[in-house]
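*Asks:* Structure file work-v1.csv (CSV, C-alpha atoms and all ligand atoms) right here:
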```
chain,number,residue,atom,x,y,z
A,369,MET,CA,-42.8,-6.1,-41.6
A,370,LYS,CA,-39.9,-7.3,-43.8
A,371,ARG,CA,-40.7,-7.7,-47.4
A,372,ILE,CA,-40.2,-10.6,-49.9
A,373,PHE,CA,-40.2,-10.3,-53.7
A,374,SER,CA,-39.9,-13.1,-56.1
A,375,GLY,CA,-41.0,-14.0,-59.7
A,376,VAL,CA,-41.5,-16.8,-62.1
A,377,LYS,CA,-41.3,-16.4,-65.9
A,378,PRO,CA,-44.3,-17.4,-68.0
A,379,SER,CA,-42.0,-19.0,-70.5
A,380,GLY,CA,-43.4,-22.5,-70.2
A,381,ASP,CA,-45.4,-24.7,-67.9
A,382,LEU,CA,-44.4,-24.8,-64.3
A,383,THR,CA,-42.0,-27.6,-63.4
A,384,LEU,CA,-41.4,-29.6,-60.3
A,385,GLY,CA,-38.1,-27.7,-60.2
A,386,ASN,CA,-39.9,-24.3,-60.0
A,387,TYR,CA,-42.2,-25.8,-57.3
A,388,ILE,CA,-39.5,-27.2,-55.1
A,389,GLY,CA,-36.8,-24.6,-55.6
A,390,ALA,CA,-39.1,-21.6,-55.4
A,391,ILE,CA,-42.8,-21.7,-55.0
A,392,SER,CA,-43.0,-24.2,-52.0
A,393,ASN,CA,-40.7,-21.8,-50.2
A,394,PHE,CA,-43.0,-18.8,-51.0
A,395,THR,CA,-45.8,-20.7,-49.3
A,396,LYS,CA,-43.7,-21.3,-46.2
A,397,LEU,CA,-42.4,-17.7,-45.9
A,398,GLN,CA,-45.7,-16.0,-46.7
A,399,HIS,CA,-46.8,-15.9,-43.0
A,400,ASP,CA,-43.9,-13.9,-41.8
A,401,TYR,CA,-43.3,-11.3,-44.6
A,402,ASP,CA,-45.1,-8.8,-46.7
A,403,CYS,CA,-44.9,-10.7,-50.0
A,404,LEU,CA,-45.0,-9.7,-53.6
A,405,PHE,CA,-45.1,-12.6,-56.0
A,406,CYS,CA,-44.8,-11.5,-59.6
A,407,VAL,CA,-45.4,-13.2,-63.0
A,408,VAL,CA,-42.4,-11.7,-64.8
A,409,ASP,CA,-43.7,-11.6,-68.4
A,410,LEU,CA,-41.1,-9.0,-69.4
A,411,HIS,CA,-38.4,-11.5,-68.6
A,412,ALA,CA,-40.2,-14.1,-70.7
A,413,ILE,CA,-39.9,-12.0,-73.9
A,414,THR,CA,-36.1,-12.0,-73.7
A,415,VAL,CA,-36.6,-15.1,-76.0
A,416,PRO,CA,-39.3,-15.3,-78.6
A,417,GLN,CA,-42.8,-16.1,-77.4
A,418,ASP,CA,-46.1,-16.8,-79.1
A,419,ARG,CA,-48.4,-13.9,-78.0
A,420,GLN,CA,-51.5,-16.1,-77.4
A,421,GLU,CA,-49.5,-18.6,-75.4
A,422,LEU,CA,-47.8,-15.9,-73.4
A,423,LYS,CA,-51.2,-14.4,-72.4
A,424,LYS,CA,-52.5,-17.8,-71.4
A,425,ARG,CA,-49.4,-18.6,-69.4
A,426,VAL,CA,-49.4,-15.4,-67.4
A,427,LYS,CA,-52.7,-16.4,-65.9
A,428,ASP,CA,-51.7,-20.1,-65.6
A,429,ILE,CA,-48.7,-19.1,-63.5
A,430,ALA,CA,-50.8,-16.7,-61.3
A,431,ALA,CA,-53.4,-19.5,-60.8
A,432,LEU,CA,-50.7,-22.0,-60.0
A,433,TYR,CA,-49.2,-19.7,-57.4
A,434,ILE,CA,-52.6,-19.9,-55.6
A,435,ALA,CA,-53.1,-23.6,-56.3
A,436,CYS,CA,-49.7,-24.3,-54.7
A,437,GLY,CA,-50.8,-22.6,-51.5
A,438,ILE,CA,-50.0,-19.0,-51.9
A,439,ASP,CA,-52.7,-17.2,-50.0
A,440,PRO,CA,-54.0,-14.2,-52.0
A,441,ASN,CA,-55.4,-12.7,-48.8
A,442,LYS,CA,-52.0,-12.5,-47.3
A,443,THR,CA,-49.8,-11.8,-50.3
A,444,HIS,CA,-49.9,-9.6,-53.4
A,445,ILE,CA,-49.8,-11.4,-56.8
A,446,PHE,CA,-49.4,-9.3,-59.9
A,447,VAL,CA,-48.1,-9.2,-63.5
A,448,GLN,CA,-44.8,-7.4,-64.1
A,449,SER,CA,-45.7,-5.6,-67.3
A,450,GLU,CA,-48.7,-4.0,-65.7
A,451,VAL,CA,-46.5,-1.9,-63.5
A,452,PRO,CA,-44.4,0.3,-65.8
A,453,SER,CA,-41.9,1.4,-63.1
A,454,HIS,CA,-40.1,-1.9,-63.6
A,455,THR,CA,-38.8,-1.0,-67.0
A,456,GLN,CA,-38.3,2.6,-66.0
A,457,LEU,CA,-36.1,1.6,-63.1
A,458,ALA,CA,-34.3,-1.0,-65.2
A,459,TRP,CA,-33.1,1.6,-67.6
A,460,ILE,CA,-31.8,3.8,-64.8
A,461,LEU,CA,-30.0,0.9,-63.2
A,462,GLU,CA,-28.6,-0.2,-66.6
A,463,CYS,CA,-26.8,3.1,-66.6
A,464,HIS,CA,-25.3,2.1,-63.3
A,465,THR,CA,-24.3,-1.4,-64.2
A,466,TYR,CA,-21.0,-2.2,-65.9
A,467,ILE,CA,-20.7,-4.3,-69.1
A,468,GLY,CA,-17.9,-6.2,-67.3
A,469,GLU,CA,-20.4,-7.2,-64.6
A,470,LEU,CA,-23.0,-8.5,-67.1
A,471,ASN,CA,-20.2,-10.4,-69.0
A,472,ARG,CA,-19.6,-12.4,-65.8
A,473,MET,CA,-23.2,-13.7,-65.6
A,474,THR,CA,-22.9,-17.4,-66.1
A,475,GLN,CA,-26.5,-18.0,-67.3
A,476,PHE,CA,-25.9,-15.6,-70.2
A,477,LYS,CA,-22.4,-16.9,-70.8
A,478,ASP,CA,-23.7,-20.5,-71.1
A,479,LYS,CA,-26.4,-19.5,-73.6
A,480,ALA,CA,-24.0,-17.4,-75.6
A,481,GLN,CA,-21.5,-20.2,-75.7
A,482,LYS,CA,-24.2,-22.7,-76.8
A,483,LEU,CA,-26.0,-20.5,-79.4
A,484,GLY,CA,-23.6,-17.7,-80.3
A,485,THR,CA,-24.5,-14.1,-79.7
A,486,ASP,CA,-25.9,-13.2,-83.1
A,487,GLY,CA,-29.3,-14.6,-82.5
A,488,LEU,CA,-29.6,-13.6,-78.8
A,489,SER,CA,-31.5,-10.4,-77.8
A,490,SER,CA,-29.8,-7.6,-75.9
A,491,GLY,CA,-32.7,-8.0,-73.4
A,492,LEU,CA,-31.4,-11.5,-72.5
A,493,TYR,CA,-28.0,-9.8,-71.8
A,494,THR,CA,-29.4,-7.0,-69.6
A,495,TYR,CA,-32.1,-9.3,-68.0
A,496,PRO,CA,-30.3,-9.4,-64.6
A,497,VAL,CA,-30.7,-5.6,-64.4
A,498,LEU,CA,-34.5,-5.9,-64.9
A,499,MET,CA,-34.5,-8.5,-62.2
A,500,ALA,CA,-32.6,-6.0,-60.0
A,501,ALA,CA,-35.2,-3.4,-60.7
A,502,ASP,CA,-38.0,-5.8,-59.8
A,503,ILE,CA,-36.4,-6.4,-56.4
A,504,LEU,CA,-35.2,-2.9,-55.6
A,505,LEU,CA,-38.4,-1.1,-56.5
A,506,TYR,CA,-40.1,-2.7,-53.5
A,507,ASP,CA,-37.2,-2.5,-51.0
A,508,ALA,CA,-37.4,-6.3,-50.7
A,509,ASP,CA,-35.3,-7.7,-47.8
A,510,LEU,CA,-35.5,-11.3,-49.0
A,511,VAL,CA,-35.6,-13.0,-52.4
A,512,PRO,CA,-36.5,-16.7,-52.4
A,513,VAL,CA,-35.0,-18.3,-55.5
A,514,GLY,CA,-33.4,-21.5,-56.8
A,515,GLU,CA,-29.6,-21.9,-57.0
A,516,ASP,CA,-29.5,-20.7,-60.6
A,517,GLN,CA,-30.6,-17.2,-59.6
A,518,LYS,CA,-28.0,-16.7,-56.8
A,519,GLN,CA,-25.7,-14.7,-59.1
A,520,HIS,CA,-28.5,-12.4,-60.2
A,521,VAL,CA,-29.4,-11.6,-56.6
A,522,GLU,CA,-25.7,-10.9,-56.0
A,523,ILE,CA,-25.5,-8.4,-58.9
A,524,THR,CA,-28.7,-6.8,-57.5
A,525,ARG,CA,-26.9,-6.2,-54.2
A,526,ASP,CA,-23.9,-4.7,-56.0
A,527,ILE,CA,-26.1,-2.4,-58.0
A,528,ALA,CA,-28.0,-1.3,-54.8
A,529,ILE,CA,-24.8,-0.6,-52.9
A,530,ARG,CA,-23.3,1.3,-55.7
A,531,PHE,CA,-26.4,3.4,-56.2
A,532,ASN,CA,-26.7,4.1,-52.4
A,533,ASN,CA,-23.0,5.2,-52.2
A,534,ARG,CA,-23.5,7.6,-55.1
A,535,TYR,CA,-26.8,9.1,-54.3
A,536,GLY,CA,-27.4,8.4,-50.6
A,537,GLU,CA,-29.6,5.6,-49.0
A,538,THR,CA,-32.2,4.7,-51.6
A,539,PHE,CA,-32.5,1.0,-51.8
A,540,VAL,CA,-32.6,-1.9,-49.3
A,541,VAL,CA,-29.8,-4.3,-50.1
A,542,PRO,CA,-31.6,-7.7,-50.4
A,543,GLU,CA,-30.5,-11.2,-49.3
A,544,HIS,CA,-31.2,-14.3,-51.2
A,545,PHE,CA,-33.1,-17.2,-49.7
A,546,ILE,CA,-31.9,-20.5,-51.3
A,547,PRO,CA,-33.2,-23.7,-49.8
A,548,LYS,CA,-30.6,-26.2,-48.4
A,549,VAL,CA,-32.2,-29.1,-50.2
A,550,GLY,CA,-33.9,-28.8,-53.6
A,551,ALA,CA,-32.3,-25.6,-54.8
A,552,ARG,CA,-31.4,-27.3,-58.0
A,553,ILE,CA,-33.6,-30.1,-59.1
A,554,MET,CA,-32.0,-31.9,-62.0
A,555,ASP,CA,-33.4,-33.2,-65.3
A,556,LEU,CA,-34.6,-36.8,-64.8
A,557,GLN,CA,-33.0,-38.0,-68.1
A,558,GLU,CA,-29.8,-35.9,-67.8
A,559,PRO,CA,-29.3,-35.5,-64.1
A,560,THR,CA,-26.2,-33.3,-64.5
A,561,LYS,CA,-28.5,-30.6,-66.2
A,562,LYS,CA,-31.1,-28.4,-64.4
A,563,MET,CA,-34.7,-29.4,-64.9
A,564,SER,CA,-35.9,-26.6,-67.1
A,565,LYS,CA,-39.3,-25.5,-68.3
A,566,SER,CA,-38.0,-24.2,-71.6
A,567,GLU,CA,-36.3,-27.5,-72.4
A,568,ASN,CA,-39.3,-29.5,-71.2
A,569,ASP,CA,-39.2,-33.2,-72.2
A,570,LYS,CA,-39.2,-36.6,-70.6
A,571,GLY,CA,-36.8,-35.5,-68.0
A,572,CYS,CA,-39.0,-32.7,-66.8
A,573,ILE,CA,-42.1,-33.1,-64.6
A,574,LEU,CA,-44.7,-30.4,-65.1
A,575,LEU,CA,-47.1,-29.5,-62.3
A,576,LEU,CA,-50.0,-30.1,-64.7
A,577,ASP,CA,-48.8,-33.4,-66.0
A,578,GLU,CA,-51.4,-36.3,-65.8
A,579,PRO,CA,-50.6,-38.6,-62.9
A,580,SER,CA,-49.9,-41.5,-65.3
A,581,ILE,CA,-47.3,-39.3,-67.1
A,582,ILE,CA,-45.7,-38.3,-63.7
A,583,ARG,CA,-45.4,-42.0,-62.9
A,584,LYS,CA,-43.9,-42.8,-66.2
A,585,LYS,CA,-41.3,-40.0,-66.0
A,586,ILE,CA,-40.2,-41.1,-62.5
A,587,MET,CA,-40.0,-44.8,-63.4
A,588,SER,CA,-37.9,-44.0,-66.4
A,589,ALA,CA,-35.6,-41.6,-64.6
A,590,VAL,CA,-31.9,-42.3,-65.3
A,591,THR,CA,-30.0,-43.8,-62.4
A,592,ASP,CA,-26.8,-45.7,-62.4
A,593,SER,CA,-25.5,-49.3,-62.5
A,594,GLU,CA,-25.2,-49.8,-58.8
A,595,THR,CA,-28.1,-51.1,-56.8
A,596,GLN,CA,-27.8,-49.3,-53.4
A,597,ILE,CA,-29.6,-46.2,-52.5
A,598,TYR,CA,-27.4,-43.5,-51.0
A,599,TYR,CA,-26.9,-39.7,-51.5
A,600,ASP,CA,-23.8,-38.7,-53.5
A,601,PRO,CA,-24.6,-36.0,-56.1
A,602,GLN,CA,-21.2,-36.4,-57.8
A,603,LYS,CA,-21.1,-40.1,-58.1
A,604,LYS,CA,-24.9,-40.8,-58.2
A,605,PRO,CA,-26.6,-37.7,-59.6
A,606,GLY,CA,-29.7,-39.5,-60.7
A,607,ILE,CA,-30.5,-41.3,-57.5
A,608,SER,CA,-29.4,-38.3,-55.4
A,609,ASN,CA,-31.8,-36.0,-57.3
A,610,LEU,CA,-34.7,-38.5,-56.6
A,611,ILE,CA,-33.7,-38.6,-52.9
A,612,SER,CA,-33.9,-34.8,-52.7
A,613,ILE,CA,-37.3,-34.7,-54.4
A,614,TYR,CA,-38.6,-37.4,-52.0
A,615,ALA,CA,-37.2,-35.5,-49.0
A,616,ILE,CA,-38.8,-32.2,-49.9
A,617,ILE,CA,-42.2,-33.8,-50.8
A,618,THR,CA,-42.4,-35.7,-47.6
A,619,ASN,CA,-40.8,-33.1,-45.3
A,620,LYS,CA,-38.0,-35.5,-44.4
A,621,THR,CA,-34.3,-35.0,-44.2
A,622,ILE,CA,-31.9,-36.7,-46.8
A,623,ASP,CA,-30.6,-39.0,-44.1
A,624,GLU,CA,-34.1,-40.1,-43.1
A,625,VAL,CA,-34.9,-40.9,-46.7
A,626,VAL,CA,-31.7,-42.9,-47.2
A,627,GLU,CA,-32.4,-44.8,-44.0
A,628,GLU,CA,-36.0,-45.5,-45.1
A,629,PHE,CA,-34.8,-47.0,-48.4
A,630,LYS,CA,-31.5,-48.5,-47.5
A,631,ASP,CA,-32.7,-52.0,-48.2
A,632,ALA,CA,-34.9,-51.2,-51.1
A,633,ASN,CA,-34.1,-51.5,-54.8
A,634,TYR,CA,-34.4,-48.6,-57.3
A,635,GLY,CA,-37.8,-49.8,-58.6
A,636,THR,CA,-39.4,-49.8,-55.2
A,637,PHE,CA,-38.0,-46.4,-54.3
A,638,LYS,CA,-39.1,-44.9,-57.6
A,639,LYS,CA,-42.6,-46.3,-57.1
A,640,ALA,CA,-42.8,-44.8,-53.6
A,641,LEU,CA,-41.6,-41.5,-55.0
A,642,ALA,CA,-44.2,-41.5,-57.8
A,643,ASP,CA,-47.0,-42.2,-55.2
A,644,LYS,CA,-45.9,-39.4,-52.9
A,645,LEU,CA,-45.5,-37.0,-55.8
A,646,ILE,CA,-48.9,-37.7,-57.2
A,647,GLU,CA,-50.5,-37.4,-53.8
A,648,ARG,CA,-48.9,-33.9,-53.5
A,649,ILE,CA,-49.6,-32.7,-57.0
A,650,LEU,CA,-53.2,-33.9,-57.5
A,651,PRO,CA,-54.8,-31.4,-55.1
A,652,ILE,CA,-52.7,-28.6,-56.7
A,653,GLN,CA,-54.2,-29.6,-60.1
A,654,GLU,CA,-57.8,-29.7,-58.6
A,655,ARG,CA,-57.4,-26.2,-57.2
A,656,PHE,CA,-55.9,-24.9,-60.4
A,657,LYS,CA,-59.0,-26.0,-62.3
A,658,ASP,CA,-61.2,-24.1,-59.9
A,659,ILE,CA,-59.2,-20.9,-60.0
A,660,ARG,CA,-57.9,-20.6,-63.5
A,661,ASN,CA,-61.0,-19.3,-65.2
A,662,SER,CA,-62.6,-17.6,-62.2
A,663,LYS,CA,-63.3,-13.9,-61.9
A,664,GLU,CA,-61.6,-14.1,-58.6
A,665,LEU,CA,-58.2,-14.5,-60.4
A,666,ASP,CA,-58.6,-11.2,-62.2
A,667,ASP,CA,-59.7,-9.5,-59.1
A,668,ILE,CA,-56.6,-10.8,-57.3
A,669,LEU,CA,-54.3,-9.6,-60.1
A,670,ASP,CA,-56.0,-6.2,-60.2
A,671,ALA,CA,-55.6,-5.7,-56.4
A,672,GLY,CA,-52.0,-7.0,-56.6
A,673,ARG,CA,-51.2,-4.5,-59.5
A,674,ASP,CA,-52.7,-1.6,-57.5
A,675,TYR,CA,-50.7,-2.4,-54.4
A,676,ALA,CA,-47.5,-2.9,-56.4
A,677,MET,CA,-48.1,0.3,-58.4
A,678,HIS,CA,-48.5,2.4,-55.3
A,679,LEU,CA,-45.2,1.2,-53.8
A,680,ALA,CA,-43.3,1.3,-57.2
A,681,THR,CA,-44.5,4.8,-58.1
A,682,ARG,CA,-43.3,6.2,-54.8
A,683,LYS,CA,-39.9,4.6,-55.3
A,684,ILE,CA,-39.4,5.5,-58.9
A,685,ASN,CA,-40.2,9.2,-58.1
A,686,LYS,CA,-37.6,9.1,-55.4
A,687,VAL,CA,-35.0,7.6,-57.7
A,688,MET,CA,-35.7,10.1,-60.5
A,689,LYS,CA,-35.2,13.0,-58.0
A,690,LYS,CA,-31.9,11.6,-56.8
A,691,VAL,CA,-30.6,11.1,-60.3
A,692,GLY,CA,-31.9,14.5,-61.4
A,693,LEU,CA,-34.3,13.3,-64.1
A,694,GLY,CA,-37.3,15.4,-65.2
A,695,ARG,CA,-38.3,18.9,-64.1
A,696,HIS,CA,-39.5,18.3,-60.5
A,701,LIG,P1,-36.2,-21.5,-67.9
A,701,LIG,O1,-36.1,-23.0,-67.8
A,701,LIG,O2,-37.1,-21.1,-69.0
A,701,LIG,O3,-34.9,-20.8,-67.9
A,701,LIG,P2,-36.8,-21.3,-65.2
A,701,LIG,O4,-37.9,-22.2,-64.7
A,701,LIG,O5,-35.4,-21.5,-64.8
A,701,LIG,O6,-37.1,-21.1,-66.7
A,701,LIG,P3,-38.2,-19.2,-63.8
A,701,LIG,O7,-39.6,-19.5,-64.1
A,701,LIG,O8,-38.1,-17.7,-63.7
A,701,LIG,O9,-37.1,-19.8,-64.7
A,701,LIG,O10,-37.9,-19.8,-62.4
A,701,LIG,C1,-38.6,-19.5,-61.3
A,701,LIG,C2,-37.9,-20.0,-60.0
A,701,LIG,O11,-37.8,-21.4,-60.0
A,701,LIG,C3,-36.5,-19.4,-59.9
A,701,LIG,O12,-36.4,-19.0,-58.5
A,701,LIG,C4,-35.6,-20.5,-60.2
A,701,LIG,O13,-34.4,-20.4,-59.5
A,701,LIG,C5,-36.4,-21.7,-59.7
A,701,LIG,N1,-36.0,-22.9,-60.5
A,701,LIG,C6,-36.1,-23.1,-61.8
A,701,LIG,N2,-35.7,-24.3,-62.1
A,701,LIG,C7,-35.3,-24.9,-61.0
A,701,LIG,C8,-34.8,-26.2,-60.7
A,701,LIG,N3,-34.6,-27.1,-61.6
A,701,LIG,N4,-34.5,-26.5,-59.4
A,701,LIG,C9,-34.7,-25.6,-58.4
A,701,LIG,N5,-35.2,-24.4,-58.6
A,701,LIG,C10,-35.5,-24.0,-59.9
A,702,LIG,N1,-34.7,-14.2,-63.3
A,702,LIG,C1,-35.6,-15.1,-62.7
A,702,LIG,C2,-37.0,-14.7,-62.6
A,702,LIG,C3,-37.1,-13.4,-61.9
A,702,LIG,C4,-37.0,-13.1,-60.5
A,702,LIG,C5,-37.1,-11.7,-60.4
A,702,LIG,C6,-36.8,-13.9,-59.4
A,702,LIG,C7,-37.3,-12.2,-62.5
A,702,LIG,N2,-37.3,-11.2,-61.6
A,702,LIG,C8,-37.1,-11.1,-59.1
A,702,LIG,C9,-36.7,-13.3,-58.2
A,702,LIG,C10,-36.8,-11.9,-58.0
A,702,LIG,C11,-35.5,-16.5,-63.4
A,702,LIG,O1,-35.2,-16.5,-64.5
A,702,LIG,N3,-35.7,-17.5,-62.7
```
Represent the structure of the file as structure tokens.
*Replies:*
Amino acid sequence: MKRIFSGVKPSGDLTLGNYIGAISNFTKLQHDYDCLFCVVDLHAITVPQDRQELKKRVKDIAALYIACGIDPNKTHIFVQSEVPSHTQLAWILECHTYIGELNRMTQFKDKAQKLGTDGLSSGLYTYPVLMAADILLYDADLVPVGEDQKQHVEITRDIAIRFNNRYGETFVVPEHFIPKVGARIMDLQEPTKKMSKSENDKGCILLLDEPSIIRKKIMSAVTDSETQIYYDPQKKPGISNLISIYAIITNKTIDEVVEEFKDANYGTFKKALADKLIERILPIQERFKDIRNSKELDDILDAGRDYAMHLATRKINKVMKKVGLGRH
């Protein structure tokens, strides 16, 4: 069976962007692959975190995975830092990654440009290599992610190919899975910017937001001065973003949504979107409450860790042998 690996950082509360761009696809793909879904806490500490908050969020994300429909009986859910081979392999891969390659990563470049490099950790710089280690440790064939992670999956492929050429077949070269619609949900207040959990504000819908807050955020989403509803992300980024969200939530195509609302005004469309969104998110919130503090959640994460550890240990031993590390 082919394998999937993907991860979400516990760096904030899960957003509608995380759900649409990543997690809703995990739930669709879980039936056809051996799936490892990770809470990537080591990635979260590339920027400062409060330790109590981080601990809480690790379990929040794991519980939300399940609440969103990931079946713990079919998949393996675990916490990245509980499997030490991730950091071990990351170091080895860092020694096979060029500084020039990391300098081309747009996510880091953007952050460095905005904030300067003096206050940025070197972990933030090498973070794509840790992500490569996550994926390559498990010989994942497919990596479902949002658009912003495409470049990181590409560097993972480059690293795998380079390593295989140098040491012989070691890693599966993975493909990304990026949805056609919803791969980049935009901020509702600044629809030219990605909806982001670390810049959470009025423009960002959280999966655990109260229904009244979700409605308020949708109703106050920035649109444009026209009145007609049609899809044109360049000219109408706000409305086009709302159309994408509606399409995903209702399992319709963009064209079907545009047809449905061609005679409606923005207010009517936003109200319909808020209704559908709340209808979809409420059951997730209910399930979350049941799971979050259950013993079952720890059992699931223990079993996930054991499964991941087994695969990862085999792989790291193979890699160490190929590189010539250690005595055996
Ligand atoms: P941050 O905002 O702190 O950078 P993030 O939400 O982008 O965090 P992750 O939690 O690791 O980072 O993202 C998990 C998954 O959600 C990734 O596959 C990412 O591509 C996807 N994702 C994140 N934001 C969006 C978005 N606005 N639209 C679509 N997919 C998204
Ligand atoms: N870098 C990703 C999170 C992430 C990930 C992964 C995604 C870490 N390791 C492995 C897919 C596969 C992010 O910031 N969104």
*Asks:* Nearest to ligand LIG 701 (chain A) among A:Thr465, A:Ser564, A:Thr494, A:Thr455, with distances taken over all atoms listed in the file: which residue is it?
*Replies:* A:Ser564
*Asks:* Residues near Asn386 in chain A, anyone? I mean within 9 Å using all atoms listed in the file, not counting same-chain ones fewer than 2 positions away, as a list in words.
*Replies:*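 Those residues are Val376, Leu382, Thr383, Leu384, Ile388, Gly389, Ala390, Ile391, Ser392, Val513, Gly514, Ile553, Met563, Ser564 and Lys565 of chain A.
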*Asks:* Find the residues near Thr681 in chain A: any atom within 12 Å, counting all atoms listed in the file, skip ones fewer than 6 places away on the same chain, and give them as a list in words.
*Replies:*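 Surrounding residues, per the criterion: Val451, Pro452, Ser453, His454, Gln456, Leu457, Leu505, Tyr506, Arg673, Asp674, Tyr675, Val687 and Met688 of chain A.
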*Asks:* For the selection you just gave me, I'd like the residues written to a file as an mmCIF file, in the coordinates of the input, keeping C-alpha atoms.
*Replies:*
```cif
data_model
loop_
_atom_site.group_PDB
_atom_site.id
_atom_site.type_symbol
_atom_site.label_atom_id
_atom_site.label_comp_id
_atom_site.auth_asym_id
_atom_site.auth_seq_id
_atom_site.Cartn_x
_atom_site.Cartn_y
_atom_site.Cartn_z
ATOM 1 C CA VAL A 451 -46.500 -1.900 -63.500
ATOM 2 C CA PRO A 452 -44.400 0.300 -65.800
ATOM 3 C CA SER A 453 -41.900 1.400 -63.100
ATOM 4 C CA HIS A 454 -40.100 -1.900 -63.600
ATOM 5 C CA GLN A 456 -38.300 2.600 -66.000
ATOM 6 C CA LEU A 457 -36.100 1.600 -63.100
ATOM 7 C CA LEU A 505 -38.400 -1.100 -56.500
ATOM 8 C CA TYR A 506 -40.100 -2.700 -53.500
ATOM 9 C CA ARG A 673 -51.200 -4.500 -59.500
ATOM 10 C CA ASP A 674 -52.700 -1.600 -57.500
ATOM 11 C CA TYR A 675 -50.700 -2.400 -54.400
ATOM 12 C CA VAL A 687 -35.000 7.600 -57.700
ATOM 13 C CA MET A 688 -35.700 10.100 -60.500
#
```
*Asks:* Considering all atoms listed in the file, state which residue in the set A:Thr591, A:Thr443, A:Gln653, A:Gln475 is at the smallest distance from Phe637 in chain A.
*Replies:* A:Thr591
*Asks:* Could you give me, as a PyMOL selection string, every polymer residue with an atom at most 7 Å away from an atom of ligand LIG 702 (chain A), counting all atoms listed in the file?
*Replies:* chain A and resi 373-377+408+411+496+498-500+502-503+511-513+517
*Asks:* Please determine, counting all atoms listed in the file, which residue among A:Asn532, A:Ser580, A:Thr560, A:Ser588 has the shortest atom-to-atom distance to ligand LIG 701 (chain A).
*Replies:*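 For ligand LIG 701 (chain A), the nearest of the given residues is A:Thr560.
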*Asks:* Would you kindly return, as a list in words, each protein, DNA or RNA residue with an atom no farther than 8 Å from any atom of Tyr598 in chain A, considering only C-alpha atoms and excluding same-chain residues fewer than 2 positions away?
*Replies:* Gln596, Asp600, Ile607, Ser608, Val626 and Lys630 of chain A
*Asks:* What is the CA of Gln398 in chain A-CA of Asp555 in chain A distance in Å, reported with one decimal?
*Replies:*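 Separation between CA of Gln398 in chain A and CA of Asp555 in chain A: 28.2 Å.
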*Asks:* Can you tell me, as an MDAnalysis selection string, what residues are no more than 10 Å from range 476-479 of chain A when counting all atoms listed in the file, ignoring any on the same chain fewer than 3 positions away?
*Replies:* chainID A and resid 470:473 482:485 488 492:496
*Asks:* Which is closer to ligand LIG 701 (chain A) than all the others in A:Ile467, A:Met554, A:Val590, A:Leu510, using all atoms listed in the file?
*Replies:*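 Looking only at the distances to ligand LIG 701 (chain A), the closest residue turns out to be A:Met554.
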*Asks:* Select, from A:Ile438, A:Met369, A:Ile613, A:Leu397, the residue with the minimum atom-to-atom distance to ligand LIG 701 (chain A), counting only C-alpha atoms and all ligand atoms.
*Replies:*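 Nearest candidate to ligand LIG 701 (chain A) out of A:Ile438, A:Met369, A:Ile613, A:Leu397: A:Ile613.
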*Asks:* Mind listing whatever residues come within 10 Å of the point (-33.8, -40.1, -51.5)? Use all atoms listed in the file, file coordinates, and give them as a PyMOL selection string.
*Replies:* chain A and resi 597-599+607-616+620-630+637-638+641
*Asks:* Restricting the calculation to all atoms listed in the file: of A:Lys561, A:His696, A:Lys639, A:Arg425, which residue gets closest to Lys584 in chain A?
*Replies:* A:Lys639
